[in-house]
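Structure first, commentary second.
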Amino acid sequence: MNNLRIDPREAIIKDRMIAVKNIWLVSGFKGGIGKSLISVAVALGLADKGRKVGLLDLDITSSTDHIILGADNLYPREDMGLLPPEFEKIKFMSFQFFSKSYPLGFRGNSISNAIKELLCVTVWGELDFLIIDMPPGFSDTTMDVIKLFDKFSVIAVSTPSPLSKKILENSVKVYKDMKIGILFVENMAQKAKINSIRFDPKIDKALGDVKKIKRTQFYKDALKIVSKIEGGGV
Amino acid sequence: MHEWALAESVIKTVNEKKEFVGKKVIVYMGELQAIDMEVFKFAMEEISKQNKKKIDFKIVIEESKFKCNSCGKDFSMSEVKKKSEEEKENIHFIPEMVKAFVKCPKCKSIDFEIIKGRGVSLGYE
Ligand SMILES: Nc1ncnc2c1ncn2[C@@H]1O[C@H](COP(=O)(O)OP(=O)(O)OP(=O)(O)O)[C@@H](O)[C@H]1O
Ligand SMILES: [Mg+2]
Ligand SMILES: [Zn+2]
């Protein structure tokens with residue numbers, strides 16, 4: 001006997017992603033800048049174009065994708081692992097399925113463990129795109145994803161605020177050093193530009209209703225991002 | 001059954017890591033995850049058969065242990081209010097979800113560490 005402990009989960013996580021062709025993290029280095037809205041819109045847009053799409057809400061302590069989608073009471077099915085439920089032709093996975101409406105007082109180690117556990121048992125099957133909604137900042141979750149995934153690209157979201165731009169510049173250096181592809185998206189832009197989504201005062205009224213979301217200017221702008229990442233992105 | 005996914009990860013790890021060569025493997029199972037032992041053993045057997053490589057293992061169940069970050073109290077699952085089937089199922093899939101449904105029995109804080117007994121880990125004799 002000895003005290004050695006080996007975590008069996010890490011060995012299998014890459015295998016579980018083997019049939020996932022493109023992984024895109026939707027990341028941004030401040031809170032409340034539209035990462036979740038963009039994640040959901042991009043996933044919906046890809047699904048509309050007939051792509052096989054997964055959406056993973058990795059903002060464990062404050063998941064919101066289910067609220068944006070209006071996806072109540074979803075739960076994965078068990079079959080040699082956990083199969084993500086389908087919603088609007090998207091394979092959707094969120095910690096909220098398990099935590100319900102209770103707050104999760106997580107510190108770093110619990111976050112890593114929960115992410116590893118979910119990735120170890122989730123069976124995505126074949127996907128053209130897996131869109132991952134990330135918590136703000138360069139967080140524990142970011143570090144875990146870098147460690148656990150072989151290959152991914154990043155949609156780096158910012159807003160016209162100089163603070164948002166500055167902190168983004170600093171943080172993307174890490175990805176650049178790792179040769180990770182980055183697509184810069186400016187959200188809440190004042191006018192239409194390339195790779196930008198305009199400020200849309202109607203978006204909040206559409207939350208929770210996919211049909212309404214698809215009629216917004218926000219969604220139409222997000223479709224430009226969809227075309228971009230369909231073409232390889234960066 | 002999600003026990004299969006866990007068995008797969010155990011077998012892959014044992015077959016890949018040189019530490020396990022020629023050893024009897026110990027599969028530690030955390031109380032929180034409440035694995036269905038029969039399903040797990042069956043999955044281990046089936047996957048080993050497919051791989052044509054038998055794994056010599058035994059299972060050791062580990063009781064849960066928590067420590068409150070607020071007041072310092074050590075406690076275990078047996079000291080907290082019984083959980084509903086649904087809550088148990090959620091903890092079964094993601095043991096950390098215990099943090100959604102359990103509070104420190106002394107000070108009611110949700111800020112506690114899971115010290116022991118969360119999920120599956122491996123060792124050898
Ligand atoms: N283009 C936009 N036009 C108008 N409002 C927007 C736009 N983008 C985002 N918002 C507003 O910002 C809010 C927060 O968006 P969202 O939750 O997607 O941000 P987030 O970056 O995911 O936040 P968090 O860091 O908390 O995860 C939305 O509810 C909406 O009110
Ligand atoms: Mg968000
Ligand atoms: Zn306490």
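Every chain in the structure tokens takes a letter, A first, then B, and so on in the order presented; its residues are numbered from 1, and the ligands are numbered from 1 following the presented order.
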message = If the limit is 6 Å from any atom of ligand 1, counting only C-alpha atoms and all ligand atoms, which residues qualify? Return them as a ChimeraX atom specification.
response = /A:31-37,135-136,187-188,197-201,203-204,218
Atoms kept (all heavy atoms) for selection, written as a compact mmCIF listing (two decimals), in the first residue's frame:
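Final file, result_22.txt:
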# COMPACT_ATOMS: atom_id res chain seq x y z
N GLY A 31 -16.77 40.86 -17.26
CA GLY A 31 -18.10 40.29 -17.12
C GLY A 31 -19.12 41.14 -17.85
O GLY A 31 -18.89 42.33 -18.10
N GLY A 32 -20.22 40.50 -18.23
CA GLY A 32 -21.36 41.25 -18.76
C GLY A 32 -21.16 41.92 -20.11
O GLY A 32 -21.77 42.94 -20.40
N ILE A 33 -20.30 41.35 -20.95
CA ILE A 33 -20.04 41.97 -22.25
C ILE A 33 -20.68 41.20 -23.41
O ILE A 33 -20.42 41.51 -24.57
CB ILE A 33 -18.53 42.14 -22.51
CG1 ILE A 33 -17.82 40.78 -22.39
CG2 ILE A 33 -17.92 43.15 -21.55
CD1 ILE A 33 -16.37 40.82 -22.82
N GLY A 34 -21.47 40.19 -23.09
CA GLY A 34 -22.21 39.50 -24.14
C GLY A 34 -21.67 38.14 -24.55
O GLY A 34 -22.10 37.58 -25.56
N LYS A 35 -20.78 37.56 -23.76
CA LYS A 35 -20.23 36.24 -24.12
C LYS A 35 -21.32 35.20 -24.25
O LYS A 35 -21.33 34.40 -25.18
CB LYS A 35 -19.22 35.79 -23.04
CG LYS A 35 -18.04 36.70 -22.86
CD LYS A 35 -17.09 36.19 -21.79
CE LYS A 35 -17.66 36.24 -20.38
NZ LYS A 35 -17.95 37.61 -19.90
N SER A 36 -22.23 35.19 -23.28
CA SER A 36 -23.26 34.14 -23.28
C SER A 36 -24.25 34.35 -24.43
O SER A 36 -24.61 33.40 -25.11
CB SER A 36 -24.00 34.13 -21.94
OG SER A 36 -23.09 33.82 -20.91
N LEU A 37 -24.65 35.59 -24.64
CA LEU A 37 -25.56 35.86 -25.76
C LEU A 37 -24.91 35.45 -27.08
O LEU A 37 -25.57 34.85 -27.94
CB LEU A 37 -25.89 37.36 -25.81
CG LEU A 37 -26.99 37.87 -24.88
CD1 LEU A 37 -27.10 39.38 -24.99
CD2 LEU A 37 -28.31 37.22 -25.24
N PRO A 135 -16.54 31.57 -18.39
CA PRO A 135 -16.69 32.64 -17.40
C PRO A 135 -15.76 33.79 -17.75
O PRO A 135 -14.83 33.62 -18.53
CB PRO A 135 -16.28 31.98 -16.09
CG PRO A 135 -15.44 30.82 -16.48
CD PRO A 135 -15.89 30.38 -17.83
N PRO A 136 -16.00 34.99 -17.19
CA PRO A 136 -15.15 36.13 -17.53
C PRO A 136 -13.71 35.95 -17.05
O PRO A 136 -13.46 35.26 -16.07
CB PRO A 136 -15.81 37.29 -16.80
CG PRO A 136 -16.68 36.69 -15.77
CD PRO A 136 -17.08 35.35 -16.27
N ASN A 187 -18.56 43.65 -29.39
CA ASN A 187 -20.01 43.64 -29.11
C ASN A 187 -20.45 45.03 -28.67
O ASN A 187 -19.63 45.84 -28.23
CB ASN A 187 -20.32 42.60 -28.04
CG ASN A 187 -21.82 42.43 -27.85
OD1 ASN A 187 -22.61 42.69 -28.75
ND2 ASN A 187 -22.21 41.99 -26.66
N MET A 188 -21.73 45.27 -28.77
CA MET A 188 -22.34 46.55 -28.40
C MET A 188 -21.73 47.71 -29.20
O MET A 188 -21.59 48.83 -28.68
CB MET A 188 -22.21 46.82 -26.89
CG MET A 188 -22.70 45.66 -26.04
SD MET A 188 -22.88 46.14 -24.33
CE MET A 188 -22.70 44.56 -23.50
N ILE A 197 -20.92 43.27 -33.46
CA ILE A 197 -22.35 43.12 -33.22
C ILE A 197 -22.82 44.43 -32.61
O ILE A 197 -22.24 44.91 -31.63
CB ILE A 197 -22.61 41.95 -32.25
CG1 ILE A 197 -22.13 40.62 -32.90
CG2 ILE A 197 -24.09 41.86 -31.89
CD1 ILE A 197 -22.20 39.43 -31.98
N ARG A 198 -23.84 45.01 -33.23
CA ARG A 198 -24.28 46.33 -32.78
C ARG A 198 -25.07 46.25 -31.46
O ARG A 198 -25.66 45.22 -31.14
CB ARG A 198 -25.17 46.98 -33.84
CG ARG A 198 -24.38 47.60 -34.97
CD ARG A 198 -25.29 47.94 -36.11
NE ARG A 198 -25.83 46.73 -36.76
CZ ARG A 198 -26.80 46.75 -37.66
NH1 ARG A 198 -27.37 47.88 -38.02
NH2 ARG A 198 -27.21 45.62 -38.22
N PHE A 199 -25.07 47.35 -30.74
CA PHE A 199 -25.91 47.47 -29.55
C PHE A 199 -27.37 47.36 -30.00
O PHE A 199 -27.80 48.04 -30.92
CB PHE A 199 -25.67 48.82 -28.86
CG PHE A 199 -26.45 48.92 -27.58
CD1 PHE A 199 -25.96 48.37 -26.41
CD2 PHE A 199 -27.70 49.53 -27.55
CE1 PHE A 199 -26.69 48.43 -25.23
CE2 PHE A 199 -28.44 49.59 -26.38
CZ PHE A 199 -27.93 49.04 -25.22
N ASP A 200 -28.09 46.46 -29.35
CA ASP A 200 -29.47 46.22 -29.75
C ASP A 200 -30.37 46.32 -28.52
O ASP A 200 -30.43 45.40 -27.70
CB ASP A 200 -29.58 44.82 -30.38
CG ASP A 200 -31.00 44.50 -30.82
OD1 ASP A 200 -31.91 45.31 -30.55
OD2 ASP A 200 -31.19 43.43 -31.43
N PRO A 201 -31.08 47.44 -28.37
CA PRO A 201 -31.89 47.64 -27.15
C PRO A 201 -33.02 46.63 -27.03
O PRO A 201 -33.60 46.48 -25.95
CB PRO A 201 -32.43 49.07 -27.32
CG PRO A 201 -32.31 49.39 -28.78
CD PRO A 201 -31.17 48.58 -29.31
N ILE A 203 -32.73 43.35 -27.40
CA ILE A 203 -32.30 41.97 -27.15
C ILE A 203 -32.84 41.43 -25.82
O ILE A 203 -33.25 40.27 -25.73
CB ILE A 203 -30.76 41.81 -27.25
CG1 ILE A 203 -30.36 40.32 -27.20
CG2 ILE A 203 -30.01 42.58 -26.19
CD1 ILE A 203 -30.81 39.49 -28.35
N ASP A 204 -32.87 42.26 -24.79
CA ASP A 204 -33.31 41.76 -23.48
C ASP A 204 -34.76 41.26 -23.49
O ASP A 204 -35.10 40.32 -22.77
CB ASP A 204 -33.14 42.84 -22.41
CG ASP A 204 -31.70 42.87 -21.90
OD1 ASP A 204 -31.00 41.86 -22.10
OD2 ASP A 204 -31.29 43.89 -21.32
N PHE A 218 -29.45 41.83 -33.20
CA PHE A 218 -28.32 41.17 -32.55
C PHE A 218 -28.01 39.84 -33.25
O PHE A 218 -26.86 39.54 -33.59
CB PHE A 218 -28.65 40.91 -31.06
CG PHE A 218 -27.55 40.19 -30.32
CD1 PHE A 218 -26.58 40.90 -29.62
CD2 PHE A 218 -27.45 38.80 -30.33
CE1 PHE A 218 -25.55 40.25 -28.96
CE2 PHE A 218 -26.43 38.15 -29.67
CZ PHE A 218 -25.49 38.88 -28.98
request  = With a cut-off of 12 Å and counting only C-alpha atoms, select all residues of chain A in contact with chain B and give the selection as a ChimeraX atom specification.
outcome  = /A:1-16,60-61,75-83,94-123
message = Using DSSP assignments from the backbone, pull out every residue in chain B that falls under helix (DSSP H, G or I) and give it to me as an NGL selection string.
response = :B and (3-16 or 18-20 or 31-33 or 37-51 or 77-79 or 85-93 or 95-101)
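Closest approach to Phe57 in chain B among B:Gly117, B:Gly72, B:Gly30, B:Gly22 is made by B:Gly22 (distances from only C-alpha atoms).
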request  = Work out how far CA of Lys81 in chain B is from CA of Glu62 in chain B, in Å to one decimal.
outcome  =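 Calculated distance between CA of Glu62 in chain B and CA of Lys81 in chain B is 19.6 Å.
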Check which residues fall inside 8 Å of ligand 3 when counting only C-alpha atoms and all ligand atoms, and print them as a PDB file with C-alpha atoms, in the first residue's frame.
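Output file out-v4.pdb is given in full below:
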ATOM      1  CA  LYS B  67     -14.150  20.832   6.041  1.00  0.00           C
ATOM      2  CA  CYS B  68     -15.918  24.139   6.468  1.00  0.00           C
ATOM      3  CA  ASN B  69     -13.861  27.121   5.286  1.00  0.00           C
ATOM      4  CA  SER B  70     -15.861  29.470   7.486  1.00  0.00           C
ATOM      5  CA  CYS B  71     -15.896  27.840  10.927  1.00  0.00           C
ATOM      6  CA  GLY B  72     -13.437  24.980  10.475  1.00  0.00           C
ATOM      7  CA  LYS B  73     -15.856  22.150  11.270  1.00  0.00           C
ATOM      8  CA  LYS B 103     -24.460  23.345   4.074  1.00  0.00           C
ATOM      9  CA  CYS B 104     -22.071  23.206   7.006  1.00  0.00           C
ATOM     10  CA  PRO B 105     -24.101  21.640   9.847  1.00  0.00           C
ATOM     11  CA  LYS B 106     -22.603  24.063  12.355  1.00  0.00           C
ATOM     12  CA  CYS B 107     -22.588  27.495  10.694  1.00  0.00           C
ATOM     13  CA  LYS B 108     -24.730  26.845   7.540  1.00  0.00           C
ATOM     14  CA  SER B 109     -21.970  28.091   5.230  1.00  0.00           C
ATOM     15  CA  ASP B 111     -18.104  27.437   1.612  1.00  0.00           C
ATOM     16  CA  PHE B 112     -16.629  24.054   2.496  1.00  0.00           C
TER      17      PHE B 112
END
inquiry  = If I take CA of Lys193 in chain A and CA of Trp24 in chain A, how far is one from the other in Å, to one decimal?
reply    = 21.8 Å
Strand (DSSP E) residues, from DSSP on the backbone, in range 23-231 of chain A, as a VMD selection string = chain A and resid 23 to 28 53 to 57 77 to 78 82 to 83 86 to 87 90 to 94 127 to 133 153 to 158 182 to 189 196 to 198
